[in-house]
Amino acid sequence: MASSLDELKTAIRKALPGLDVVIAWTAGPDALSHAPLFITEEADVARIEWDPRCSQNLAGYLPGLRGKKAGIVAKGCDVRSIVELLQEKLIDREDVVIFGLDCQGAVDARSARAALGSSRGVRDVAIDGASVCFSVNGEPRFFSPGEVLQSKCFGCAGADAGLCDHFAGERGLPPQFGNPPESTLERLEAMDMEERLRFWETQMSRCIRCYACRSACPLCVCQDHCAAQSREPHWVDQTDHPREKLMFQAIHALHTAGRCTECGECERACPMGLPVMTLKRALNRRIKDVFDYQAGIDPNQTPPLFEFREVETNIKEREW
Amino acid sequence: MVMPTARYIAHDKLMPWLLGLAEGRRVLAPVREGGKTLFLPLREDSRLDLRGLADDSAKAALLPRCEPLLEFHYAKTAGVPSRTTLEVREILPGQETFLFGVRPCDARGFTVFDRVYDAGTRRDIYYCSRRDKTLVAAIACADPAETCFCNRVGGDPGGSDGADLLFTPVEGGFTVEAVTERGGAFLREQALEEADGKAEEAREVREAVRRAMPEGPSLDGAPDEVLRLFDDGAFWESVAAKCLSCGVCSYLCPTCYCFNMTDESNGNDGVRVRTWDNCMSFQFTLEGSGHNPRNGKAQRMRNRIGHKFSYYPKLHDGNLACVGCGRCIANCPASMDVRAIVIQARSRVLDKEEYANE
């Protein structure tokens, strides 16, 4: 992807004088995940990295930079978060410059570390058709995408280059992975209600209540005033019970229903590997059925739960 | 007391031996659960995982995520219905525990807690009661990760600080050595074979891993530098810019020990619980008035770094409140690096001094 990277750097160099900051990725402390880089000087541009290790969605930083002119480097899925932020008027279009990128998949650092045994010696990662290749101490090691990529990548719709101010690389076609691994949602749908509850109780018993799922969510706008930690009123019990932790996940999912673009940050951030995006995917499916709506596609569309219509096309309340 | 000689246990004998111990006490060990390696009570069907560092630290063995401190009950008096009485019942932990498979960094983390929770006249009965009833068996590292840095914070990948027993991987199994008198007394009661020549092999394994550790400048000796940056808002803001204010770093940390207390009531009954707290959270040190002396993430980051590398060492003979396990680095959703921040703080102070001298 060297040529995309050069294209990106050139575009950022050119735009930087008119911007307060550009958010991109640079080499991180761990060889399997690149870190955010806040660029304010041209010298920083040389440090930009772009490869499948650029996993973090940087869109979540934008609301905090409101009022400044900010550039942001974004994969196709990240652009959807930016669009949703625009739809919700949490950021201003004229203050944001989007540098879109053609992405062929993003590494899940923890799965990759487990697959490789260690992150030591990893120099490069490339995705080529049906396999992901890590260069470890000069030796190539191949894995299937399902082993080492983020689960969101298997539902990728590609990048909408038209929404970006600049676009580097090919025109954003989604990657072709062949058979996607079975999703947690599919597994849950095969279970009865009792089994589903047991599934979630087992999962949530691992939760350490770090709230990384919430903090990493680009659309969790309450952040410092989250119901989970509010003492007055005391919404959520602090005892270490899976039910209380699941209660918080239910709050999170309901707050993001019809807003969540399934960017996967909640799951990427979770240190316990909890499949918490599943709840959001389940609600998004309902939103799609009822309102024929998908979040983060059209910046000019109003999200269905943000408006009141006297008559809804798919809710037949007057005909019963 | 004379320490017992080193013993040896073969790989295939380990699990049966641990399950034998679990008959009389709780055995906590790193086991696979939901794709993670976590310290959980060992059962017959547990999948023991001794590769590398576990995903969580073992601190919950001594400082549970949520610890009930007392239970209370309101009751109406018979004669005067408007008057209520309050009954309070103390809850003390009492379970004998064998904590197996912590790495030397995790075991050393307990010494950070000991200085705070078991400090002369200020003894926390909940912590001390657990500590007294827990035997800590550490395993010397043989496979340091890229994010490991115990050697840069005064630790040792083959060290035994904070542990009662030290296991070392050797050909075919582990050697077992007693570190404390308690560990010695325990080891003497175990029917394990003598290590003989394997003790020397174990020493070599520990020596080899010291050489295999990723290199880098030492991170101790920076308490004054960090303190001198206390009012350098620009520095802390730049350092904290990418922080998401979640609690991953603190909650996976084997040395973070801050807590919160909450009363959880249900009708007339309730329980007072002590839960983990973390200084990256907005609610940390939030006062009743609504004022928070650490109002932004920059101030909170300053507290995290300051506490670990300046305030704590100044109070506790230069010992850092960081043992270099690297979990905060490997798991931070924004790829923050505590090592880099301390190094940056140092060079920032040096730059300022040079500027002042010019």
# chains A, B, ... in the order shown; residues from 1 in each chain; ligands from 1
$ closest_atom_pairs --of "chain B" --to "chain A" --cutoff "7 Å" --atoms "only C-alpha atoms" --output "CSV"
residue,atom,partner,partner_atom,distance
B:Lys36,CA,A:Met272,CA,6.7
B:Cys66,CA,A:Asp240,CA,5.6
B:Ala145,CA,A:Ser118,CA,6.4
B:Glu146,CA,A:Arg120,CA,5.2
B:Thr147,CA,A:Asp30,CA,6.7
B:Lys242,CA,A:Pro36,CA,6.6
B:Leu244,CA,A:Ser215,CA,5.6
B:Ser245,CA,A:Ser215,CA,6.3
B:Cys246,CA,A:Ala212,CA,4.8
B:Gly247,CA,A:Cys210,CA,4.2
B:Val248,CA,A:Cys210,CA,5.4
B:Tyr251,CA,A:Cys210,CA,6.6
B:Glu264,CA,A:Asp237,CA,6.5
B:Val273,CA,A:Thr239,CA,7.0
B:Phe282,CA,A:Asp224,CA,5.5
B:Ala330,CA,A:Asp30,CA,6.5
B:Asn331,CA,A:Pro271,CA,6.2
B:Pro333,CA,A:Ala269,CA,4.9
B:Ala334,CA,A:Ala35,CA,6.1
B:Ser335,CA,A:Ala35,CA,5.2
B:Asp337,CA,A:Pro29,CA,6.2
$ select_by_dssp --residues "segment 95-218 of chain A" --states "strand (DSSP E or B)" --output "ChimeraX atom specification"
/A:96-101,107,122-128,131-136,139-143,149,166-168
$ write_last_selection --atoms "N, CA, C and O atoms" --output "JSON list (two decimals), in the first residue's frame"
[["chain", "number", "residue", "atom", "x", "y", "z"],
["A", 96, "VAL", "N", -14.50, 19.87, 8.93],
["A", 96, "VAL", "CA", -13.86, 18.56, 8.88],
["A", 96, "VAL", "C", -13.42, 18.23, 7.45],
["A", 96, "VAL", "O", -14.18, 18.40, 6.51],
["A", 97, "VAL", "N", -12.18, 17.80, 7.32],
["A", 97, "VAL", "CA", -11.68, 17.35, 6.02],
["A", 97, "VAL", "C", -11.39, 15.86, 6.11],
["A", 97, "VAL", "O", -10.61, 15.41, 6.96],
["A", 98, "ILE", "N", -12.07, 15.08, 5.26],
["A", 98, "ILE", "CA", -11.95, 13.62, 5.34],
["A", 98, "ILE", "C", -10.97, 13.11, 4.29],
["A", 98, "ILE", "O", -11.15, 13.34, 3.09],
["A", 99, "PHE", "N", -9.94, 12.41, 4.77],
["A", 99, "PHE", "CA", -8.98, 11.76, 3.88],
["A", 99, "PHE", "C", -9.33, 10.27, 3.85],
["A", 99, "PHE", "O", -8.98, 9.52, 4.76],
["A", 100, "GLY", "N", -10.10, 9.87, 2.83],
["A", 100, "GLY", "CA", -10.57, 8.49, 2.75],
["A", 100, "GLY", "C", -9.50, 7.55, 2.25],
["A", 100, "GLY", "O", -8.59, 7.94, 1.52],
["A", 101, "LEU", "N", -9.61, 6.28, 2.68],
["A", 101, "LEU", "CA", -8.63, 5.28, 2.27],
["A", 101, "LEU", "C", -9.32, 4.01, 1.84],
["A", 101, "LEU", "O", -10.37, 3.64, 2.37],
["A", 107, "VAL", "N", -6.65, -5.50, 11.17],
["A", 107, "VAL", "CA", -6.19, -6.56, 12.08],
["A", 107, "VAL", "C", -6.83, -6.40, 13.46],
["A", 107, "VAL", "O", -6.97, -5.30, 13.98],
["A", 122, "VAL", "N", 7.33, -8.69, 14.47],
["A", 122, "VAL", "CA", 6.42, -8.41, 13.36],
["A", 122, "VAL", "C", 6.83, -7.09, 12.70],
["A", 122, "VAL", "O", 6.97, -6.06, 13.36],
["A", 123, "ARG", "N", 7.06, -7.14, 11.38],
["A", 123, "ARG", "CA", 7.52, -5.94, 10.68],
["A", 123, "ARG", "C", 6.44, -5.37, 9.76],
["A", 123, "ARG", "O", 6.37, -4.19, 9.55],
["A", 124, "ASP", "N", 5.65, -6.26, 9.17],
["A", 124, "ASP", "CA", 4.70, -5.77, 8.17],
["A", 124, "ASP", "C", 3.50, -6.71, 8.10],
["A", 124, "ASP", "O", 3.60, -7.88, 8.46],
["A", 125, "VAL", "N", 2.38, -6.18, 7.64],
["A", 125, "VAL", "CA", 1.18, -7.00, 7.45],
["A", 125, "VAL", "C", 0.58, -6.65, 6.10],
["A", 125, "VAL", "O", 0.49, -5.47, 5.75],
["A", 126, "ALA", "N", 0.20, -7.66, 5.34],
["A", 126, "ALA", "CA", -0.45, -7.40, 4.06],
["A", 126, "ALA", "C", -1.60, -8.38, 3.87],
["A", 126, "ALA", "O", -1.53, -9.53, 4.31],
["A", 127, "ILE", "N", -2.68, -7.89, 3.26],
["A", 127, "ILE", "CA", -3.82, -8.76, 2.98],
["A", 127, "ILE", "C", -3.88, -8.97, 1.48],
["A", 127, "ILE", "O", -3.90, -8.01, 0.72],
["A", 128, "ASP", "N", -3.89, -10.26, 1.10],
["A", 128, "ASP", "CA", -3.90, -10.56, -0.31],
["A", 128, "ASP", "C", -4.99, -11.59, -0.55],
["A", 128, "ASP", "O", -4.81, -12.77, -0.23],
["A", 131, "SER", "N", -5.90, -14.47, 2.15],
["A", 131, "SER", "CA", -5.04, -14.68, 3.31],
["A", 131, "SER", "C", -4.41, -13.38, 3.81],
["A", 131, "SER", "O", -4.30, -12.40, 3.09],
["A", 132, "VAL", "N", -4.02, -13.43, 5.09],
["A", 132, "VAL", "CA", -3.35, -12.30, 5.71],
["A", 132, "VAL", "C", -1.93, -12.74, 6.00],
["A", 132, "VAL", "O", -1.71, -13.79, 6.61],
["A", 133, "CYS", "N", -0.97, -11.95, 5.54],
["A", 133, "CYS", "CA", 0.43, -12.33, 5.69],
["A", 133, "CYS", "C", 1.16, -11.38, 6.64],
["A", 133, "CYS", "O", 1.18, -10.17, 6.43],
["A", 134, "PHE", "N", 1.73, -11.95, 7.72],
["A", 134, "PHE", "CA", 2.55, -11.17, 8.65],
["A", 134, "PHE", "C", 4.00, -11.47, 8.34],
["A", 134, "PHE", "O", 4.37, -12.64, 8.24],
["A", 135, "SER", "N", 4.78, -10.44, 8.22],
["A", 135, "SER", "CA", 6.21, -10.63, 8.05],
["A", 135, "SER", "C", 6.86, -10.60, 9.43],
["A", 135, "SER", "O", 6.87, -9.57, 10.10],
["A", 136, "VAL", "N", 7.34, -11.77, 9.89],
["A", 136, "VAL", "CA", 7.91, -11.89, 11.24],
["A", 136, "VAL", "C", 9.40, -12.22, 11.12],
["A", 136, "VAL", "O", 9.74, -13.30, 10.65],
["A", 139, "GLU", "N", 10.39, -13.59, 7.88],
["A", 139, "GLU", "CA", 9.68, -14.79, 7.40],
["A", 139, "GLU", "C", 8.20, -14.49, 7.26],
["A", 139, "GLU", "O", 7.59, -13.95, 8.19],
["A", 140, "PRO", "N", 7.58, -14.87, 6.11],
["A", 140, "PRO", "CA", 6.13, -14.65, 5.99],
["A", 140, "PRO", "C", 5.35, -15.72, 6.76],
["A", 140, "PRO", "O", 5.72, -16.90, 6.76],
["A", 141, "ARG", "N", 4.29, -15.28, 7.46],
["A", 141, "ARG", "CA", 3.40, -16.25, 8.13],
["A", 141, "ARG", "C", 1.97, -15.93, 7.71],
["A", 141, "ARG", "O", 1.51, -14.80, 7.88],
["A", 142, "PHE", "N", 1.28, -16.96, 7.19],
["A", 142, "PHE", "CA", -0.04, -16.74, 6.60],
["A", 142, "PHE", "C", -1.15, -17.22, 7.54],
["A", 142, "PHE", "O", -1.03, -18.26, 8.18],
["A", 143, "PHE", "N", -2.24, -16.44, 7.58],
["A", 143, "PHE", "CA", -3.42, -16.83, 8.35],
["A", 143, "PHE", "C", -4.67, -16.55, 7.51],
["A", 143, "PHE", "O", -4.64, -15.72, 6.60],
["A", 149, "LEU", "N", -8.48, -11.01, 11.58],
["A", 149, "LEU", "CA", -9.08, -9.71, 11.29],
["A", 149, "LEU", "C", -10.26, -9.45, 12.22],
["A", 149, "LEU", "O", -10.78, -10.36, 12.87],
["A", 166, "HIS", "N", -10.74, 13.86, 0.10],
["A", 166, "HIS", "CA", -9.61, 13.29, -0.63],
["A", 166, "HIS", "C", -9.76, 11.79, -0.52],
["A", 166, "HIS", "O", -10.28, 11.29, 0.47],
["A", 167, "PHE", "N", -9.28, 11.07, -1.54],
["A", 167, "PHE", "CA", -9.34, 9.61, -1.45],
["A", 167, "PHE", "C", -8.08, 9.02, -2.03],
["A", 167, "PHE", "O", -7.70, 9.33, -3.16],
["A", 168, "ALA", "N", -7.41, 8.18, -1.26],
["A", 168, "ALA", "CA", -6.16, 7.58, -1.72],
["A", 168, "ALA", "C", -6.37, 6.10, -2.02],
["A", 168, "ALA", "O", -6.99, 5.40, -1.24]]
$ residues_around --residues "Thr256 of chain A" --least-positions-apart "3" --cutoff "8 Å" --atoms "only C-alpha atoms" --output "compact mmCIF listing (two decimals) with N, CA and C atoms, in the first residue's frame"
# COMPACT_ATOMS: atom_id res chain seq x y z
N LEU A 219 -19.98 7.21 19.08
CA LEU A 219 -21.31 7.80 19.19
C LEU A 219 -21.82 7.86 20.62
N CYS A 220 -21.02 7.40 21.58
CA CYS A 220 -21.41 7.52 22.98
C CYS A 220 -21.14 8.96 23.40
N HIS A 252 -26.45 0.75 26.76
CA HIS A 252 -25.58 1.18 25.67
C HIS A 252 -26.22 0.88 24.31
N ALA A 253 -26.76 -0.34 24.18
CA ALA A 253 -27.34 -0.75 22.91
C ALA A 253 -28.57 0.09 22.57
N ARG A 259 -28.30 4.33 15.52
CA ARG A 259 -27.19 5.29 15.41
C ARG A 259 -25.89 4.55 15.16
N CYS A 260 -25.81 3.36 15.74
CA CYS A 260 -24.58 2.55 15.66
C CYS A 260 -24.31 2.18 14.21
N LYS A 280 -26.01 -4.54 19.52
CA LYS A 280 -26.28 -3.38 18.64
C LYS A 280 -26.68 -3.85 17.24
$ closest_residue --among "B:Thr85, B:Thr134, B:Gln344, B:Ser238" --to "Thr40 of chain A" --atoms "only C-alpha atoms"
B:Ser238
$ residues_around --residues "Pro16 of chain B" --least-positions-apart "5" --cutoff "12 Å" --atoms "only C-alpha atoms" --output "PyMOL selection string"
chain B and resi 9-11+21-23+42-46+48
$ write_last_selection --atoms "all heavy atoms" --output "compact mmCIF listing (two decimals), in the first residue's frame"
# COMPACT_ATOMS: atom_id res chain seq x y z
N ILE B 9 8.49 -30.84 39.73
CA ILE B 9 7.22 -31.46 39.36
C ILE B 9 7.15 -31.54 37.84
O ILE B 9 7.40 -30.55 37.14
CB ILE B 9 6.00 -30.71 39.97
CG1 ILE B 9 4.71 -31.49 39.69
CG2 ILE B 9 5.91 -29.28 39.50
CD1 ILE B 9 3.55 -31.08 40.57
N ALA B 10 6.84 -32.73 37.33
CA ALA B 10 6.75 -32.93 35.87
C ALA B 10 5.44 -32.35 35.36
O ALA B 10 4.47 -32.24 36.11
CB ALA B 10 6.82 -34.41 35.55
N HIS B 11 5.41 -31.98 34.08
CA HIS B 11 4.22 -31.36 33.49
C HIS B 11 2.96 -32.19 33.73
O HIS B 11 1.92 -31.66 34.10
CB HIS B 11 4.42 -31.16 31.97
CG HIS B 11 5.33 -30.04 31.63
ND1 HIS B 11 5.14 -28.76 32.12
CD2 HIS B 11 6.46 -29.98 30.87
CE1 HIS B 11 6.09 -27.97 31.66
NE2 HIS B 11 6.92 -28.68 30.91
N LEU B 21 -4.62 -30.08 45.76
CA LEU B 21 -4.60 -28.92 46.66
C LEU B 21 -5.98 -28.27 46.75
O LEU B 21 -6.38 -27.77 47.79
CB LEU B 21 -3.60 -27.85 46.15
CG LEU B 21 -2.12 -28.18 46.20
CD1 LEU B 21 -1.32 -27.01 45.62
CD2 LEU B 21 -1.66 -28.47 47.62
N ALA B 22 -6.71 -28.30 45.61
CA ALA B 22 -8.01 -27.63 45.55
C ALA B 22 -9.06 -28.32 46.41
O ALA B 22 -10.13 -27.77 46.65
CB ALA B 22 -8.49 -27.57 44.09
N GLU B 23 -8.74 -29.52 46.91
CA GLU B 23 -9.71 -30.19 47.78
C GLU B 23 -9.86 -29.48 49.11
O GLU B 23 -10.94 -29.48 49.71
CB GLU B 23 -9.30 -31.65 47.99
CG GLU B 23 -9.68 -32.52 46.79
CD GLU B 23 -9.05 -33.90 46.85
OE1 GLU B 23 -8.62 -34.32 47.94
OE2 GLU B 23 -8.95 -34.54 45.78
N LEU B 42 -9.69 -23.20 40.04
CA LEU B 42 -9.36 -24.36 39.21
C LEU B 42 -10.35 -25.49 39.46
O LEU B 42 -10.65 -25.82 40.60
CB LEU B 42 -7.94 -24.83 39.55
CG LEU B 42 -7.33 -25.81 38.56
CD1 LEU B 42 -6.92 -25.10 37.27
CD2 LEU B 42 -6.12 -26.51 39.16
N ARG B 43 -10.87 -26.03 38.34
CA ARG B 43 -11.78 -27.18 38.42
C ARG B 43 -11.21 -28.30 37.57
O ARG B 43 -10.27 -28.09 36.80
CB ARG B 43 -13.17 -26.79 37.90
CG ARG B 43 -13.87 -25.71 38.68
CD ARG B 43 -15.30 -25.57 38.15
NE ARG B 43 -15.30 -25.59 36.69
CZ ARG B 43 -15.67 -24.54 35.93
NH1 ARG B 43 -16.05 -23.42 36.48
NH2 ARG B 43 -15.66 -24.65 34.61
N GLU B 44 -11.80 -29.47 37.72
CA GLU B 44 -11.29 -30.63 36.99
C GLU B 44 -11.27 -30.40 35.47
O GLU B 44 -10.39 -30.85 34.76
CB GLU B 44 -12.16 -31.84 37.31
CG GLU B 44 -11.38 -33.12 37.33
CD GLU B 44 -11.96 -34.11 38.34
OE1 GLU B 44 -12.05 -33.76 39.53
OE2 GLU B 44 -12.34 -35.18 37.91
N ASP B 45 -12.28 -29.66 34.99
CA ASP B 45 -12.37 -29.45 33.53
C ASP B 45 -11.69 -28.15 33.07
O ASP B 45 -11.83 -27.75 31.92
CB ASP B 45 -13.85 -29.46 33.09
CG ASP B 45 -14.66 -28.39 33.80
OD1 ASP B 45 -14.15 -27.80 34.78
OD2 ASP B 45 -15.80 -28.13 33.39
N SER B 46 -10.96 -27.50 33.97
CA SER B 46 -10.28 -26.25 33.59
C SER B 46 -9.15 -26.52 32.60
O SER B 46 -8.47 -27.54 32.71
CB SER B 46 -9.69 -25.56 34.81
OG SER B 46 -10.68 -25.22 35.73
N LEU B 48 -5.79 -25.26 31.98
CA LEU B 48 -4.69 -24.47 32.52
C LEU B 48 -3.88 -23.89 31.36
O LEU B 48 -3.59 -24.58 30.40
CB LEU B 48 -3.81 -25.40 33.36
CG LEU B 48 -2.80 -24.81 34.33
CD1 LEU B 48 -3.50 -23.99 35.40
CD2 LEU B 48 -1.99 -25.93 34.98
$ residues_around --residues "segment 299-316 of chain B" --least-positions-apart "4" --cutoff "9 Å" --atoms "only C-alpha atoms" --output "PyMOL selection string"
chain B and resi 112+115+219-227+229-230+233+236-237+239-240+243+245+250+255-256+278-282+284+293-295+320-322+338+341-342
$ write_last_selection --atoms "N, CA and C atoms" --output "compact mmCIF listing (two decimals), in the first residue's frame"
# COMPACT_ATOMS: atom_id res chain seq x y z
N VAL B 112 3.48 -3.78 46.22
CA VAL B 112 3.00 -2.41 46.10
C VAL B 112 1.75 -2.23 46.98
N ARG B 115 2.53 -2.22 51.01
CA ARG B 115 3.00 -0.98 51.61
C ARG B 115 1.84 -0.03 51.94
N LEU B 219 13.25 3.21 34.06
CA LEU B 219 12.19 4.19 34.27
C LEU B 219 12.10 4.63 35.72
N ASP B 220 13.03 4.13 36.57
CA ASP B 220 12.97 4.66 37.94
C ASP B 220 13.91 5.86 38.05
N GLY B 221 13.87 6.48 39.18
CA GLY B 221 14.69 7.67 39.35
C GLY B 221 14.14 8.89 38.68
N ALA B 222 12.83 8.90 38.32
CA ALA B 222 12.24 10.07 37.68
C ALA B 222 11.22 10.82 38.54
N PRO B 223 11.13 10.54 39.87
CA PRO B 223 10.06 11.18 40.66
C PRO B 223 10.12 12.71 40.62
N ASP B 224 11.33 13.28 40.67
CA ASP B 224 11.42 14.74 40.69
C ASP B 224 11.05 15.35 39.35
N GLU B 225 11.49 14.68 38.28
CA GLU B 225 11.17 15.18 36.94
C GLU B 225 9.66 15.24 36.75
N VAL B 226 8.98 14.13 37.10
CA VAL B 226 7.54 14.08 36.90
C VAL B 226 6.86 15.15 37.74
N LEU B 227 7.34 15.33 38.96
CA LEU B 227 6.74 16.32 39.86
C LEU B 227 6.94 17.74 39.33
N LEU B 229 6.85 18.69 36.43
CA LEU B 229 5.95 18.97 35.31
C LEU B 229 4.50 19.13 35.79
N PHE B 230 4.31 19.18 37.12
CA PHE B 230 2.95 19.20 37.66
C PHE B 230 2.10 20.29 37.02
N GLY B 233 0.67 22.19 31.91
CA GLY B 233 -0.59 21.75 31.29
C GLY B 233 -0.41 21.31 29.85
N TRP B 236 0.90 17.69 29.61
CA TRP B 236 -0.08 16.64 29.94
C TRP B 236 -1.20 16.60 28.91
N GLU B 237 -1.55 17.75 28.36
CA GLU B 237 -2.59 17.74 27.33
C GLU B 237 -2.12 17.01 26.07
N VAL B 239 0.16 14.67 25.96
CA VAL B 239 0.30 13.26 26.30
C VAL B 239 -1.06 12.55 26.34
N ALA B 240 -2.07 13.27 26.85
CA ALA B 240 -3.38 12.64 27.06
C ALA B 240 -4.31 12.76 25.85
N CYS B 243 -5.97 9.62 24.74
CA CYS B 243 -6.60 8.81 25.78
C CYS B 243 -8.12 8.88 25.65
N SER B 245 -10.16 7.79 28.11
CA SER B 245 -10.72 7.85 29.47
C SER B 245 -11.46 6.59 29.89
N SER B 250 -6.04 0.78 34.18
CA SER B 250 -6.07 0.63 35.64
C SER B 250 -6.57 -0.73 36.06
N THR B 255 -0.87 -3.19 39.92
CA THR B 255 -0.52 -2.33 41.05
C THR B 255 -1.56 -1.25 41.34
N CYS B 256 -2.51 -1.02 40.46
CA CYS B 256 -3.53 0.01 40.73
C CYS B 256 -4.45 -0.49 41.83
N ASN B 278 -10.91 3.93 39.03
CA ASN B 278 -9.72 4.24 38.23
C ASN B 278 -9.65 5.73 37.94
N CYS B 279 -8.41 6.24 37.96
CA CYS B 279 -8.21 7.68 37.88
C CYS B 279 -8.39 8.24 36.47
N MET B 280 -8.70 7.37 35.50
CA MET B 280 -8.98 7.88 34.16
C MET B 280 -10.45 8.29 34.03
N SER B 281 -11.24 7.93 35.05
CA SER B 281 -12.67 8.18 34.98
C SER B 281 -13.01 9.59 35.48
N PHE B 282 -13.98 10.22 34.83
CA PHE B 282 -14.43 11.56 35.23
C PHE B 282 -14.89 11.58 36.68
N PHE B 284 -13.72 9.99 39.18
CA PHE B 284 -12.63 9.86 40.15
C PHE B 284 -12.37 11.22 40.79
N PRO B 293 -11.20 18.40 41.31
CA PRO B 293 -9.87 19.01 41.17
C PRO B 293 -9.11 18.47 39.94
N ARG B 294 -9.51 17.28 39.47
CA ARG B 294 -8.90 16.74 38.24
C ARG B 294 -10.00 16.71 37.18
N ASN B 295 -10.17 17.85 36.58
CA ASN B 295 -11.38 18.07 35.78
C ASN B 295 -11.30 17.50 34.37
N LEU B 320 8.68 1.98 42.70
CA LEU B 320 7.66 2.47 41.77
C LEU B 320 6.36 1.70 41.97
N ALA B 321 5.25 2.34 41.57
CA ALA B 321 3.97 1.64 41.56
C ALA B 321 3.69 1.16 40.14
N CYS B 322 4.71 0.55 39.55
CA CYS B 322 4.58 -0.05 38.22
C CYS B 322 5.56 -1.20 38.22
N VAL B 338 2.95 3.77 28.49
CA VAL B 338 3.36 4.40 29.74
C VAL B 338 4.88 4.62 29.76
N ILE B 341 5.71 7.80 27.94
CA ILE B 341 5.32 9.02 28.64
C ILE B 341 6.37 9.42 29.68
N VAL B 342 6.88 8.41 30.41
CA VAL B 342 7.90 8.72 31.42
C VAL B 342 9.18 9.25 30.76
$ residues_around --residues "Asn260 of chain B" --least-positions-apart "6" --cutoff "8 Å" --atoms "only C-alpha atoms" --output "ChimeraX atom specification"
/B:274-277
$ atom_distance --atom1 "atom CA of Thr302 of chain A" --atom2 "atom CA of Ala157 of chain A"
20.9 Å
$ atom_distance --atom1 "atom CA of Ala257 of chain A" --atom2 "atom CA of Arg286 of chain A"
9.0 Å
$ atom_distance --atom1 "atom CA of Ser144 of chain A" --atom2 "atom CA of Met277 of chain A"
22.2 Å
$ closest_residue --among "B:Met261, B:Ala212, B:Leu28, B:Leu63" --to "Asp124 of chain B" --atoms "only C-alpha atoms"
B:Leu63
$ residues_around --residues "Leu173 of chain A" --least-positions-apart "2" --cutoff "12 Å" --atoms "only C-alpha atoms" --output "list in words"
Lys75, Gly76, Leu101, Asp102, Cys103, Gln104, Gly105, Cys156, Ala157, Gly158, Ala159, Asp160, Ala161, Gly169, Glu170, Arg171, Pro175 and Gln176 of chain A
$ select_by_dssp --residues "segment 126-312 of chain B" --states "alpha helix (DSSP H)" --output "number ranges by chain"
B: 126-132, 181-189, 198-212, 223-228, 233-240, 248-252, 297-306, 312
